[in-house]
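Chemist: What follows is data_18.txt, compact mmCIF, C-alpha atoms and all ligand atoms.
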```
# COMPACT_ATOMS: atom_id res chain seq x y z
CA MET A 1 -8.81 -3.63 11.98
CA ARG A 2 -6.30 -5.90 10.19
CA VAL A 3 -4.39 -4.11 7.45
CA VAL A 4 -2.02 -5.43 4.81
CA LEU A 5 0.25 -3.15 2.80
CA TYR A 6 1.69 -4.51 -0.44
CA VAL A 7 4.69 -2.32 -1.15
CA PHE A 8 7.17 -2.07 -3.96
CA SER A 9 10.18 0.11 -3.25
CA GLY A 10 13.48 0.43 -5.09
CA THR A 11 15.43 2.87 -2.97
CA GLY A 12 13.43 2.79 0.25
CA ASN A 13 11.18 5.86 0.01
CA THR A 14 7.93 3.96 -0.38
CA LEU A 15 8.97 1.51 2.30
CA LYS A 16 9.63 4.40 4.70
CA VAL A 17 6.19 5.79 3.94
CA ALA A 18 4.69 2.31 4.50
CA ALA A 19 6.41 2.21 7.90
CA LEU A 20 4.69 5.53 8.73
CA TYR A 21 1.32 3.99 7.83
CA LYS A 22 2.08 1.08 10.16
CA LYS A 23 3.12 3.42 12.96
CA PHE A 24 0.08 5.69 12.69
CA LEU A 25 -2.47 2.94 12.12
CA GLU A 26 -1.16 0.86 15.00
CA ARG A 27 -1.32 3.89 17.28
CA ASP A 28 -4.83 2.65 17.95
CA SER A 29 -4.03 -0.69 19.57
CA GLY A 30 -7.01 -2.31 17.82
CA ASN A 31 -5.15 -2.24 14.49
CA THR A 32 -2.40 -4.50 13.19
CA VAL A 33 -0.51 -3.75 10.00
CA ASP A 34 1.49 -6.30 7.97
CA ILE A 35 3.87 -4.96 5.35
CA HIS A 36 4.58 -7.25 2.42
CA ARG A 37 7.50 -6.05 0.31
CA VAL A 38 6.90 -6.94 -3.33
CA SER A 39 10.00 -8.74 -4.55
CA ARG A 40 10.77 -11.95 -6.38
CA LYS A 41 12.63 -13.03 -3.25
CA ASN A 42 9.63 -12.70 -0.97
CA GLY A 43 7.70 -15.90 -1.36
CA GLU A 44 4.05 -16.13 -0.53
CA ILE A 45 1.85 -13.08 -0.95
CA PRO A 46 -0.50 -12.61 2.04
CA ASP A 47 -4.11 -13.31 1.10
CA PRO A 48 -6.08 -10.03 1.18
CA ASN A 49 -9.16 -11.99 2.26
CA GLY A 50 -7.59 -12.27 5.70
CA TYR A 51 -7.60 -8.47 6.13
CA ASP A 52 -10.14 -5.69 6.60
CA LEU A 53 -8.18 -3.11 4.65
CA VAL A 54 -5.66 -3.45 1.82
CA GLY A 55 -3.05 -0.82 0.90
CA VAL A 56 -0.97 -0.81 -2.26
CA GLY A 57 2.16 1.37 -2.22
CA TYR A 58 4.54 2.12 -5.06
CA PRO A 59 7.00 4.71 -6.43
CA ILE A 60 5.86 6.45 -9.59
CA HIS A 61 7.96 5.38 -12.58
CA GLY A 62 7.37 7.29 -15.80
CA PHE A 63 4.00 8.68 -14.60
CA SER A 64 2.80 5.14 -13.84
CA ALA A 65 3.01 2.29 -11.37
CA PRO A 66 6.08 0.09 -11.89
CA GLU A 67 5.71 -3.35 -13.43
CA PRO A 68 6.13 -5.40 -10.19
CA ILE A 69 3.17 -3.67 -8.56
CA ILE A 70 0.97 -4.18 -11.62
CA LYS A 71 1.94 -7.88 -11.58
CA LEU A 72 1.16 -7.98 -7.86
CA CYS A 73 -2.33 -6.57 -8.48
CA LYS A 74 -2.87 -9.17 -11.19
CA SER A 75 -1.76 -11.98 -8.89
CA LEU A 76 -4.09 -11.10 -6.02
CA PRO A 77 -7.09 -13.39 -5.58
CA ALA A 78 -10.65 -12.15 -6.06
CA VAL A 79 -12.27 -10.53 -3.03
CA GLN A 80 -15.72 -9.33 -2.14
CA ASN A 81 -15.97 -5.59 -1.91
CA LYS A 82 -12.72 -5.34 0.07
CA ARG A 83 -11.79 -1.79 1.03
CA ALA A 84 -8.48 -0.73 -0.48
CA PHE A 85 -6.35 2.38 -0.82
CA ILE A 86 -3.29 3.38 -2.78
CA PHE A 87 -0.32 5.41 -1.65
CA LYS A 88 2.32 6.43 -4.12
CA THR A 89 5.60 8.29 -3.76
CA SER A 90 7.38 10.39 -6.33
CA GLY A 91 10.04 13.02 -6.69
CA GLU A 92 7.64 15.80 -7.59
CA GLY A 93 4.05 16.60 -6.79
CA LEU A 94 3.04 17.69 -10.26
CA HIS A 95 -0.43 16.78 -11.46
CA VAL A 96 1.23 15.11 -14.43
CA ASN A 97 1.53 12.12 -12.06
CA ASP A 98 -2.21 12.04 -11.28
CA CYS A 99 -3.16 9.01 -13.39
CA SER A 100 -0.32 6.74 -12.36
CA SER A 101 -2.67 4.29 -10.62
CA GLN A 102 -5.01 3.97 -13.60
CA LYS A 103 -4.00 0.38 -14.47
CA CYS A 104 -3.78 -0.83 -10.84
CA ILE A 105 -7.20 0.57 -10.06
CA LYS A 106 -8.71 -1.11 -13.10
CA ILE A 107 -7.25 -4.49 -12.11
CA LEU A 108 -8.14 -4.13 -8.43
CA ARG A 109 -11.74 -3.11 -9.16
CA LYS A 110 -12.19 -6.10 -11.48
CA LYS A 111 -11.08 -8.34 -8.63
CA GLY A 112 -13.66 -6.88 -6.28
CA PHE A 113 -11.57 -4.30 -4.40
CA ASP A 114 -13.29 -1.09 -3.45
CA VAL A 115 -10.51 1.46 -4.06
CA ALA A 116 -11.66 4.21 -1.74
CA LEU A 117 -8.70 6.57 -1.61
CA GLU A 118 -5.39 7.44 -3.20
CA ARG A 119 -2.70 9.60 -1.63
CA HIS A 120 0.47 10.96 -3.20
CA VAL A 121 3.46 11.51 -0.92
CA VAL A 122 6.35 13.44 -2.41
CA MET A 123 9.75 12.16 -1.31
CA PRO A 124 13.35 13.04 -2.24
CA TYR A 125 14.21 12.04 -5.78
CA ASN A 126 16.10 8.78 -6.40
CA MET A 127 16.69 9.75 -10.02
CA ILE A 128 17.24 12.84 -12.19
CA TYR A 129 18.75 15.10 -9.48
CA ARG A 130 19.47 15.02 -5.79
CA HIS A 131 17.32 17.21 -3.58
CA ASN A 132 19.25 19.33 -1.12
CA ASP A 133 19.09 18.49 2.60
CA ALA A 134 16.60 21.23 3.48
CA MET A 135 14.22 20.08 0.76
CA ALA A 136 14.59 16.45 1.82
CA LYS A 137 13.75 17.41 5.43
CA HIS A 138 10.77 19.43 4.23
CA MET A 139 9.45 16.47 2.20
CA TRP A 140 9.94 13.98 5.02
CA ILE A 141 8.17 16.07 7.64
CA TYR A 142 5.25 16.65 5.31
CA ALA A 143 5.23 12.90 4.53
CA ARG A 144 4.70 12.18 8.24
CA ALA A 145 1.91 14.71 8.48
CA LEU A 146 0.17 13.53 5.32
CA VAL A 147 0.36 9.86 6.29
CA ASP A 148 -1.04 10.66 9.73
CA MET A 149 -3.88 12.52 8.02
CA ASN A 150 -4.48 9.63 5.61
CA CYS A 151 -4.59 7.15 8.51
CA ARG A 152 -7.27 9.28 10.18
CA GLU A 153 -9.19 9.25 6.89
CA LEU A 154 -8.89 5.47 6.63
CA GLU A 155 -10.00 4.97 10.20
CA SER A 156 -13.02 7.19 9.78
CA GLY A 157 -14.06 5.48 6.52
CA VAL A 158 -13.49 8.47 4.23
CA ARG A 159 -13.92 7.72 0.55
CA GLU A 160 -13.03 9.91 -2.34
CA LYS A 161 -13.29 9.51 -6.08
CA VAL A 162 -9.74 8.77 -7.21
CA LYS A 163 -8.71 11.54 -9.59
CA GLN A 164 -8.22 10.31 -13.15
CA PRO A 165 -8.35 13.40 -15.39
CA PHE A 166 -9.50 12.17 -18.78
CA TYR A 167 -6.80 13.78 -20.91
CA LYS A 168 -4.05 12.41 -18.68
CA THR A 169 -5.25 8.84 -19.08
CA PHE A 170 -3.93 8.96 -22.65
CA TYR A 171 -0.24 9.44 -22.08
CA CYS A 172 0.12 7.04 -19.12
CA PRO A 173 -0.27 3.74 -21.01
CA PRO A 174 2.25 4.51 -23.80
CA VAL A 175 4.80 5.99 -21.37
CA ARG A 176 4.34 2.99 -19.08
CA PHE A 177 4.79 0.59 -21.99
CA LEU A 178 7.97 2.31 -23.18
CA GLU A 179 9.44 2.66 -19.69
CA GLN A 180 8.84 -0.98 -18.83
CA LYS A 181 10.13 -2.38 -22.14
CA PHE A 182 13.11 -0.06 -22.05
CA ALA A 183 13.93 -1.07 -18.46
CA HIS A 184 14.25 -4.72 -19.47
CA LEU A 185 16.34 -3.94 -22.54
CA HIS A 186 18.54 -1.40 -20.84
CA GLY A 187 19.13 -3.38 -17.64
CA THR A 188 22.19 -5.13 -19.09
CA ALA A 189 23.89 -1.74 -19.54
CA PHE A 190 24.35 -1.45 -15.77
CA LYS A 191 27.97 -2.22 -14.90
CA VAL A 192 30.02 -2.71 -11.74
CA ASP A 193 33.41 -0.99 -11.63
CA PRO A 194 35.78 -3.74 -10.42
CA GLN A 195 38.23 -1.10 -9.11
CA LYS A 196 35.67 0.33 -6.71
CA CYS A 197 33.63 -2.79 -5.86
CA VAL A 198 34.38 -4.47 -2.53
CA LYS A 199 32.18 -7.49 -3.34
CA CYS A 200 29.79 -6.88 -0.46
CA ASN A 201 26.93 -8.21 -2.65
CA ARG A 202 24.55 -5.56 -1.37
CA CYS A 203 23.32 -4.97 -4.94
CA VAL A 204 22.62 -8.69 -5.39
CA ASN A 205 20.72 -8.85 -2.12
CA ILE A 206 18.77 -5.65 -2.63
CA CYS A 207 17.60 -6.25 -6.24
CA PRO A 208 13.87 -7.03 -6.01
CA GLN A 209 13.98 -8.71 -9.40
CA SER A 210 16.93 -11.05 -8.60
CA ASN A 211 18.45 -9.59 -11.75
CA ILE A 212 22.08 -9.43 -10.58
CA THR A 213 24.18 -12.59 -10.57
CA VAL A 214 27.84 -13.16 -9.70
CA THR A 215 30.00 -15.64 -11.57
CA ASP A 216 33.71 -15.93 -10.78
CA GLY A 217 33.54 -12.62 -8.93
CA LYS A 218 32.00 -10.82 -11.93
CA TYR A 219 28.63 -9.09 -11.63
CA LYS A 220 26.14 -9.59 -14.43
CA PHE A 221 22.87 -7.71 -14.93
CA GLY A 222 20.12 -9.64 -16.71
CA HIS A 223 16.98 -8.61 -18.58
CA GLU A 224 14.64 -8.36 -15.60
CA CYS A 225 15.58 -4.84 -14.49
CA VAL A 226 12.65 -2.54 -13.69
CA LEU A 227 14.85 0.54 -13.19
CA CYS A 228 14.14 0.75 -9.46
CA MET A 229 17.71 2.04 -8.95
CA GLY A 230 18.09 0.15 -5.67
CA CYS A 231 21.48 -1.30 -6.69
CA SER A 232 23.21 1.92 -7.75
CA PHE A 233 21.55 4.15 -5.13
CA GLY A 234 22.54 1.85 -2.27
CA CYS A 235 26.01 0.74 -3.39
CA PRO A 236 28.36 1.74 -0.53
CA GLN A 237 31.23 2.26 -2.99
CA ASP A 238 29.19 4.03 -5.68
CA ALA A 239 30.59 1.38 -8.02
CA ILE A 240 27.59 0.87 -10.30
CA SER A 241 27.17 2.78 -13.54
CA VAL A 242 23.67 3.06 -14.93
CA GLY A 243 24.06 3.26 -18.72
CA VAL A 244 22.17 6.10 -20.41
CA PHE A 245 20.91 7.35 -17.04
CA LYS A 246 24.39 8.36 -15.92
CA PHE A 247 23.51 12.07 -15.83
CA TRP A 248 20.34 11.33 -13.82
CA LYS A 249 21.98 9.07 -11.29
CA VAL A 250 21.34 9.84 -7.63
CA HIS A 251 23.51 8.01 -5.16
CA GLY A 252 23.29 7.47 -1.43
CA SER A 253 20.68 7.65 1.28
CA TYR A 254 19.22 11.02 2.30
CA ARG A 255 19.61 10.14 6.02
CA LEU A 256 16.10 11.45 6.69
CA ASN A 257 16.16 10.54 10.38
CA GLU A 258 19.15 12.83 10.89
CA LEU A 259 17.91 15.62 8.64
CA GLU A 260 14.54 15.87 10.37
CA LYS A 261 16.29 16.75 13.64
CA ASP A 262 18.79 19.19 12.13
CA GLU A 263 17.69 22.57 13.39
CA ASN A 264 20.07 24.34 11.03
CA LEU A 265 17.88 23.28 8.14
CA PRO A 266 14.96 25.68 7.72
CA PHE A 267 11.40 24.39 7.86
CA PRO A 268 9.23 24.98 5.94
CA TYR A 269 11.61 25.20 3.01
CA VAL A 270 9.13 25.80 0.19
CA PRO A 271 7.59 29.13 1.08
CA ASN A 272 5.44 31.05 -1.37
CA GLU A 273 8.46 32.96 -2.58
CA ALA A 274 10.39 29.75 -3.51
CA LYS A 275 12.50 30.17 -6.62
CA GLY A 276 13.93 27.95 -9.35
CA ILE A 277 13.01 24.28 -9.45
CA TYR A 278 11.35 24.48 -6.02
CA ARG A 279 8.59 26.65 -7.46
CA LEU A 280 7.23 23.41 -8.93
CA TYR A 281 6.50 22.16 -5.42
CA LYS A 282 4.54 25.16 -4.17
CA LYS A 283 1.18 24.00 -5.42
CA TYR A 284 1.61 20.50 -3.98
CA TYR A 285 2.43 21.88 -0.53
CA ARG A 286 -0.35 24.48 -0.71
CA GLU A 287 -2.78 21.65 -1.37
CA ALA A 288 -1.18 19.55 1.39
CA ASP A 289 -1.61 22.40 3.89
CA ALA A 290 -5.26 22.73 2.92
CA MET A 291 -5.88 18.98 3.39
CA LEU A 292 -4.07 18.94 6.75
CA LYS A 293 -6.05 21.95 7.90
CA LYS A 294 -9.31 20.05 7.41
CA TYR A 295 -8.12 17.66 10.12
CA GLY A 296 -6.75 20.43 12.33
CA LEU A 297 -3.20 19.28 11.55
CA ASP A 298 -0.11 21.36 10.86
CA ALA A 299 3.09 19.97 9.31
CA ARG A 300 5.18 22.00 11.78
CA ASP A 301 3.96 19.77 14.60
CA TYR A 302 5.70 16.82 12.97
CA ILE A 303 9.24 18.11 13.44
CA PRO A 304 10.49 15.49 15.92
CA CYS A 305 12.55 17.80 18.09
CA LYS A 306 9.49 20.03 18.58
CA ASN A 307 7.06 17.29 19.38
CA ASP A 308 8.57 13.88 20.06
CA ILE A 309 5.20 12.22 20.61
CA LYS A 310 4.31 12.34 16.89
C1 LIG A 401 12.78 4.90 -13.48
C2 LIG A 401 12.22 5.98 -12.61
C3 LIG A 401 11.17 6.76 -13.09
C4 LIG A 401 10.63 7.77 -12.29
N1 LIG A 401 9.59 8.50 -12.78
C5 LIG A 401 9.06 9.47 -12.02
C6 LIG A 401 7.96 10.24 -12.50
O1 LIG A 401 7.43 9.99 -13.60
N2 LIG A 401 7.48 11.23 -11.73
C7 LIG A 401 8.05 11.52 -10.51
O2 LIG A 401 7.58 12.45 -9.85
N3 LIG A 401 9.06 10.80 -9.99
C8 LIG A 401 9.59 9.78 -10.72
N4 LIG A 401 10.62 9.02 -10.22
C9 LIG A 401 11.08 9.27 -8.84
C10 LIG A 401 10.53 8.24 -7.86
O3 LIG A 401 9.14 8.04 -8.05
C11 LIG A 401 10.75 8.67 -6.39
O4 LIG A 401 12.07 8.99 -6.13
C12 LIG A 401 10.24 7.60 -5.44
O5 LIG A 401 10.00 8.18 -4.18
C13 LIG A 401 11.20 6.44 -5.26
O6 LIG A 401 10.63 5.51 -4.36
P1 LIG A 401 11.37 4.21 -3.84
O7 LIG A 401 12.57 4.70 -3.04
O8 LIG A 401 10.38 3.54 -2.98
O9 LIG A 401 11.78 3.40 -5.01
C14 LIG A 401 11.17 8.01 -10.98
C15 LIG A 401 12.22 7.22 -10.51
C16 LIG A 401 12.74 6.21 -11.30
C17 LIG A 401 13.86 5.38 -10.75
```
What would you get if you wrote out this structure as structure tokens?
Modeler:
Amino acid sequence: MRVVLYVFSGTGNTLKVAALYKKFLERDSGNTVDIHRVSRKNGEIPDPNGYDLVGVGYPIHGFSAPEPIIKLCKSLPAVQNKRAFIFKTSGEGLHVNDCSSQKCIKILRKKGFDVALERHVVMPYNMIYRHNDAMAKHMWIYARALVDMNCRELESGVREKVKQPFYKTFYCPPVRFLEQKFAHLHGTAFKVDPQKCVKCNRCVNICPQSNITVTDGKYKFGHECVLCMGCSFGCPQDAISVGVFKFWKVHGSYRLNELEKDENLPFPYVPNEAKGIYRLYKKYYREADAMLKKYGLDARDYIPCKNDIK
């Protein structure tokens, strides 16, 4: 089976999840997976007609899919009943995020895609607040297990009606509209602190919208920002301020590959007795455990030091 994954990712979470899809799908040597990162810098979009299965991956922004992924869906050519699936990442597993794919699904179906499945993988927040290391490890290990499960579903042709609870389809479009318009307007409020900046140009290179330009050593942010946070999250000097989002800024990689092996971090971290903000995650992980169980899988088997094969 030939698979293409169209992926938008600001701070790397969705791309990491896409890499898991590639790893698990290619485990069966009959499959090949191409990952196309959605960015203004990445020229030609692979034609879905050359593939057996199409995946669309994105981070949830304001309960919806971000603008670049909606544009990607619009730009895809028509196909004939091409099997497709959606994977989305977000900072919390609340059902408030359930209808985020509404617009993408509508566009894809019109073009002839058969959207057979959608999976939601919770990953450490890149905005609002920083998850602690134990929570980040917990999320990452579950991400591996859930992607493995989803790959088994895809390989065995599972289809499922994508959940679109009626009452939730009302707030997604206005929130999406406001978030996307606001992103463009607010983008110019991002600033580089010249005292901290070492002019490595990482922000310029990472911006998927080519929205950051440098003139005479000064960094300028244009009107194309989609609030992906890639620039400020990844700045090695933490030199970028993010306007009104300053209290929600999260900076710096979670180093998931190190955390997953750290035996001092408890796993699982969201037990039934979880308190405070982590109570919000209990339901998501209860549901994840139930889905994994159907396939005879257990998230604990995905801790790399316990079982290096997975
Ligand atoms: C502008 C913005 C809006 C977001 N909105 C939501 C949201 O509505 N719900 C949620 O659970 N997470 C939200 N998040 C968190 C991201 O979806 C999450 O961190 C995601 O995994 C980031 O993926 P990426 O690293 O591929 O960009 C938001 C993040 C940003 C930057």
Chemist: Every residue with an atom at most 12 Å from (26.9, 1.0, -6.6) (file coordinates; only C-alpha atoms) is what I'm after, so could you write them as a PyMOL selection string?
Modeler: chain A and resi 190-204+206-207+219+229-242+249-252
Chemist: Those selected residues, please, written with C-alpha atoms and delivered as a tab-separated table (two decimals), keeping the file's coordinate frame.
Modeler:
```tsv
chain	number	residue	atom	x	y	z
A	190	PHE	CA	24.35	-1.45	-15.77
A	191	LYS	CA	27.97	-2.22	-14.90
A	192	VAL	CA	30.02	-2.71	-11.74
A	193	ASP	CA	33.41	-0.99	-11.63
A	194	PRO	CA	35.78	-3.74	-10.42
A	195	GLN	CA	38.23	-1.10	-9.11
A	196	LYS	CA	35.67	0.33	-6.71
A	197	CYS	CA	33.63	-2.79	-5.86
A	198	VAL	CA	34.38	-4.47	-2.53
A	199	LYS	CA	32.18	-7.49	-3.34
A	200	CYS	CA	29.79	-6.88	-0.46
A	201	ASN	CA	26.93	-8.21	-2.65
A	202	ARG	CA	24.55	-5.56	-1.37
A	203	CYS	CA	23.32	-4.97	-4.94
A	204	VAL	CA	22.62	-8.69	-5.39
A	206	ILE	CA	18.77	-5.65	-2.63
A	207	CYS	CA	17.60	-6.25	-6.24
A	219	TYR	CA	28.63	-9.09	-11.63
A	229	MET	CA	17.71	2.04	-8.95
A	230	GLY	CA	18.09	0.15	-5.67
A	231	CYS	CA	21.48	-1.30	-6.69
A	232	SER	CA	23.21	1.92	-7.75
A	233	PHE	CA	21.55	4.15	-5.13
A	234	GLY	CA	22.54	1.85	-2.27
A	235	CYS	CA	26.01	0.74	-3.39
A	236	PRO	CA	28.36	1.74	-0.53
A	237	GLN	CA	31.23	2.26	-2.99
A	238	ASP	CA	29.19	4.03	-5.68
A	239	ALA	CA	30.59	1.38	-8.02
A	240	ILE	CA	27.59	0.87	-10.30
A	241	SER	CA	27.17	2.78	-13.54
A	242	VAL	CA	23.67	3.06	-14.93
A	249	LYS	CA	21.98	9.07	-11.29
A	250	VAL	CA	21.34	9.84	-7.63
A	251	HIS	CA	23.51	8.01	-5.16
A	252	GLY	CA	23.29	7.47	-1.43
```
Chemist: Which polymer residues, whether protein, DNA or RNA, lie within 6 Å of the coordinate (10.9, 15.6, 13.6) when you count only C-alpha atoms? List them as a list in words, using the chain letters and numbers from the file.
Modeler: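 In the file's frame, the residues around the point are Glu260, Lys261, Tyr302, Ile303, Pro304 and Cys305 of chain A.
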Chemist: Pick out the residues no farther than 9 Å from ligand LIG 401 (chain A), counting only C-alpha atoms and all ligand atoms, and list them as a ChimeraX atom specification.
Modeler: /A:7-17,57-64,66,88-94,96-97,100,121-128,179-180,183,226-230,249
Chemist: Using only C-alpha atoms, find each residue in region 186-232 of chain A having at least one atom no more than 10 Å away from region 33-49 of chain A; report its shortest atom-to-atom pair and that distance in Å (one decimal), rows by chain then rising number, as JSON lines.
Modeler:
```
{"residue": "A:Asn205", "atom": "CA", "partner": "A:Lys41", "partner_atom": "CA", "distance": 9.2}
{"residue": "A:Ile206", "atom": "CA", "partner": "A:Ser39", "partner_atom": "CA", "distance": 9.5}
{"residue": "A:Cys207", "atom": "CA", "partner": "A:Ser39", "partner_atom": "CA", "distance": 8.2}
{"residue": "A:Pro208", "atom": "CA", "partner": "A:Ser39", "partner_atom": "CA", "distance": 4.5}
{"residue": "A:Gln209", "atom": "CA", "partner": "A:Arg40", "partner_atom": "CA", "distance": 5.5}
{"residue": "A:Ser210", "atom": "CA", "partner": "A:Arg40", "partner_atom": "CA", "distance": 6.6}
{"residue": "A:Asn211", "atom": "CA", "partner": "A:Arg40", "partner_atom": "CA", "distance": 9.7}
```
Chemist: Interatomic distance between CA of Leu108 (chain A) and CA of Ile70 (chain A)?
Modeler: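 Rounded to one decimal, the two atoms are 9.7 Å apart.
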Chemist: Do you have the CA of Pro77 (chain A)-CA of Lys110 (chain A) distance handy?
Modeler: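 These two atoms are separated by 10.7 Å.
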Chemist: What is the distance, in Å and to one decimal place, between CA of Lys220 (chain A) and CA of Leu185 (chain A)?
Modeler: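 Calculated distance between CA of Lys220 (chain A) and CA of Leu185 (chain A) is 13.9 Å.
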Chemist: Any idea what's packed within 7 Å of Phe85 (chain A), counting only C-alpha atoms, ignoring anything in its chain fewer than 2 positions away? Could you give it as a list in words?
Modeler: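 So the residues in contact are Val54, Gly55, Val56, Phe87, Val115, Ala116, Leu117 and Glu118 of chain A.
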Chemist: Please determine, counting all atoms listed in the file, which residue among A:Met135, A:Ile86, A:Leu25, A:Cys73 has the shortest atom-to-atom distance to Arg279 (chain A).
Modeler: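 The answer is A:Met135, which sits nearest to Arg279 (chain A).
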Chemist: Counting all atoms listed in the file, what is within 10 Å of Tyr167 (chain A), bar same-chain residues fewer than 4 positions away, as a PyMOL selection string?
Modeler: chain A and resi 99+171-172
Chemist: Measuring between all atoms listed in the file, which one of A:Arg2, A:His184, A:Arg300, A:Arg176 shows the shortest distance to Ala145 (chain A)?
Modeler: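 Under the stated criterion, the closest residue is A:Arg300.
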Chemist: Find the residue from A:Phe245, A:Asn31, A:Phe24, A:Leu72 that sits nearest to Tyr6 (chain A); use all atoms listed in the file when measuring.
Modeler: A:Leu72
Chemist: Give the answer as one residue: which of A:Phe182, A:Ala274, A:Trp248, A:Glu258 has the shortest atom-to-atom distance to His223 (chain A), using all atoms listed in the file?
Modeler: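 Of A:Phe182, A:Ala274, A:Trp248, A:Glu258, the one nearest His223 (chain A), counting all atoms listed in the file, is A:Phe182.
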Chemist: For a quick check of understanding, using all atoms listed in the file, which of A:Thr188, A:Asn257, A:Gln164, A:Thr32 has the smallest distance to Lys103 (chain A)?
Modeler: A:Gln164
Chemist: Which is closer to His138 (chain A) than all the others in A:Leu178, A:Phe247, A:Leu256, A:Cys104, using all atoms listed in the file?
Modeler: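 Using all atoms listed in the file, the shortest distance to His138 (chain A) belongs to A:Leu256.
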Chemist: Could I get region 137-156 of chain A rebuilt with N, CA and C atoms, written as a compact mmCIF listing (two decimals), keeping the file's coordinate frame?
Modeler:
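Result saved to result.txt:
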```
# COMPACT_ATOMS: atom_id res chain seq x y z
N LYS A 137 14.38 17.32 4.10
CA LYS A 137 13.75 17.41 5.43
C LYS A 137 12.30 17.88 5.29
N HIS A 138 12.11 18.89 4.45
CA HIS A 138 10.77 19.43 4.23
C HIS A 138 9.83 18.32 3.75
N MET A 139 10.30 17.54 2.77
CA MET A 139 9.45 16.47 2.20
C MET A 139 9.12 15.42 3.24
N TRP A 140 10.11 15.07 4.05
CA TRP A 140 9.94 13.98 5.02
C TRP A 140 8.97 14.39 6.13
N ILE A 141 9.08 15.62 6.56
CA ILE A 141 8.17 16.07 7.64
C ILE A 141 6.74 16.15 7.12
N TYR A 142 6.59 16.64 5.90
CA TYR A 142 5.25 16.65 5.31
C TYR A 142 4.73 15.23 5.10
N ALA A 143 5.65 14.29 4.74
CA ALA A 143 5.23 12.90 4.53
C ALA A 143 4.60 12.37 5.83
N ARG A 144 5.25 12.66 6.95
CA ARG A 144 4.70 12.18 8.24
C ARG A 144 3.31 12.77 8.48
N ALA A 145 3.19 14.07 8.23
CA ALA A 145 1.91 14.71 8.48
C ALA A 145 0.82 14.16 7.56
N LEU A 146 1.18 13.98 6.28
CA LEU A 146 0.17 13.53 5.32
C LEU A 146 -0.24 12.08 5.58
N VAL A 147 0.72 11.25 6.00
CA VAL A 147 0.36 9.86 6.29
C VAL A 147 -0.52 9.81 7.54
N ASP A 148 -0.18 10.61 8.53
CA ASP A 148 -1.04 10.66 9.73
C ASP A 148 -2.47 11.04 9.32
N MET A 149 -2.56 12.08 8.48
CA MET A 149 -3.88 12.52 8.02
C MET A 149 -4.60 11.39 7.28
N ASN A 150 -3.87 10.70 6.39
CA ASN A 150 -4.48 9.63 5.61
C ASN A 150 -4.95 8.49 6.52
N CYS A 151 -4.18 8.22 7.58
CA CYS A 151 -4.59 7.15 8.51
C CYS A 151 -5.88 7.54 9.22
N ARG A 152 -6.01 8.83 9.57
CA ARG A 152 -7.27 9.28 10.18
C ARG A 152 -8.42 9.11 9.19
N GLU A 153 -8.15 9.42 7.91
CA GLU A 153 -9.19 9.25 6.89
C GLU A 153 -9.60 7.78 6.79
N LEU A 154 -8.59 6.91 6.78
CA LEU A 154 -8.89 5.47 6.63
C LEU A 154 -9.68 4.96 7.82
N GLU A 155 -9.31 5.44 9.00
CA GLU A 155 -10.00 4.97 10.20
C GLU A 155 -11.43 5.49 10.27
N SER A 156 -11.65 6.67 9.70
CA SER A 156 -13.02 7.19 9.78
C SER A 156 -13.83 6.87 8.53
```
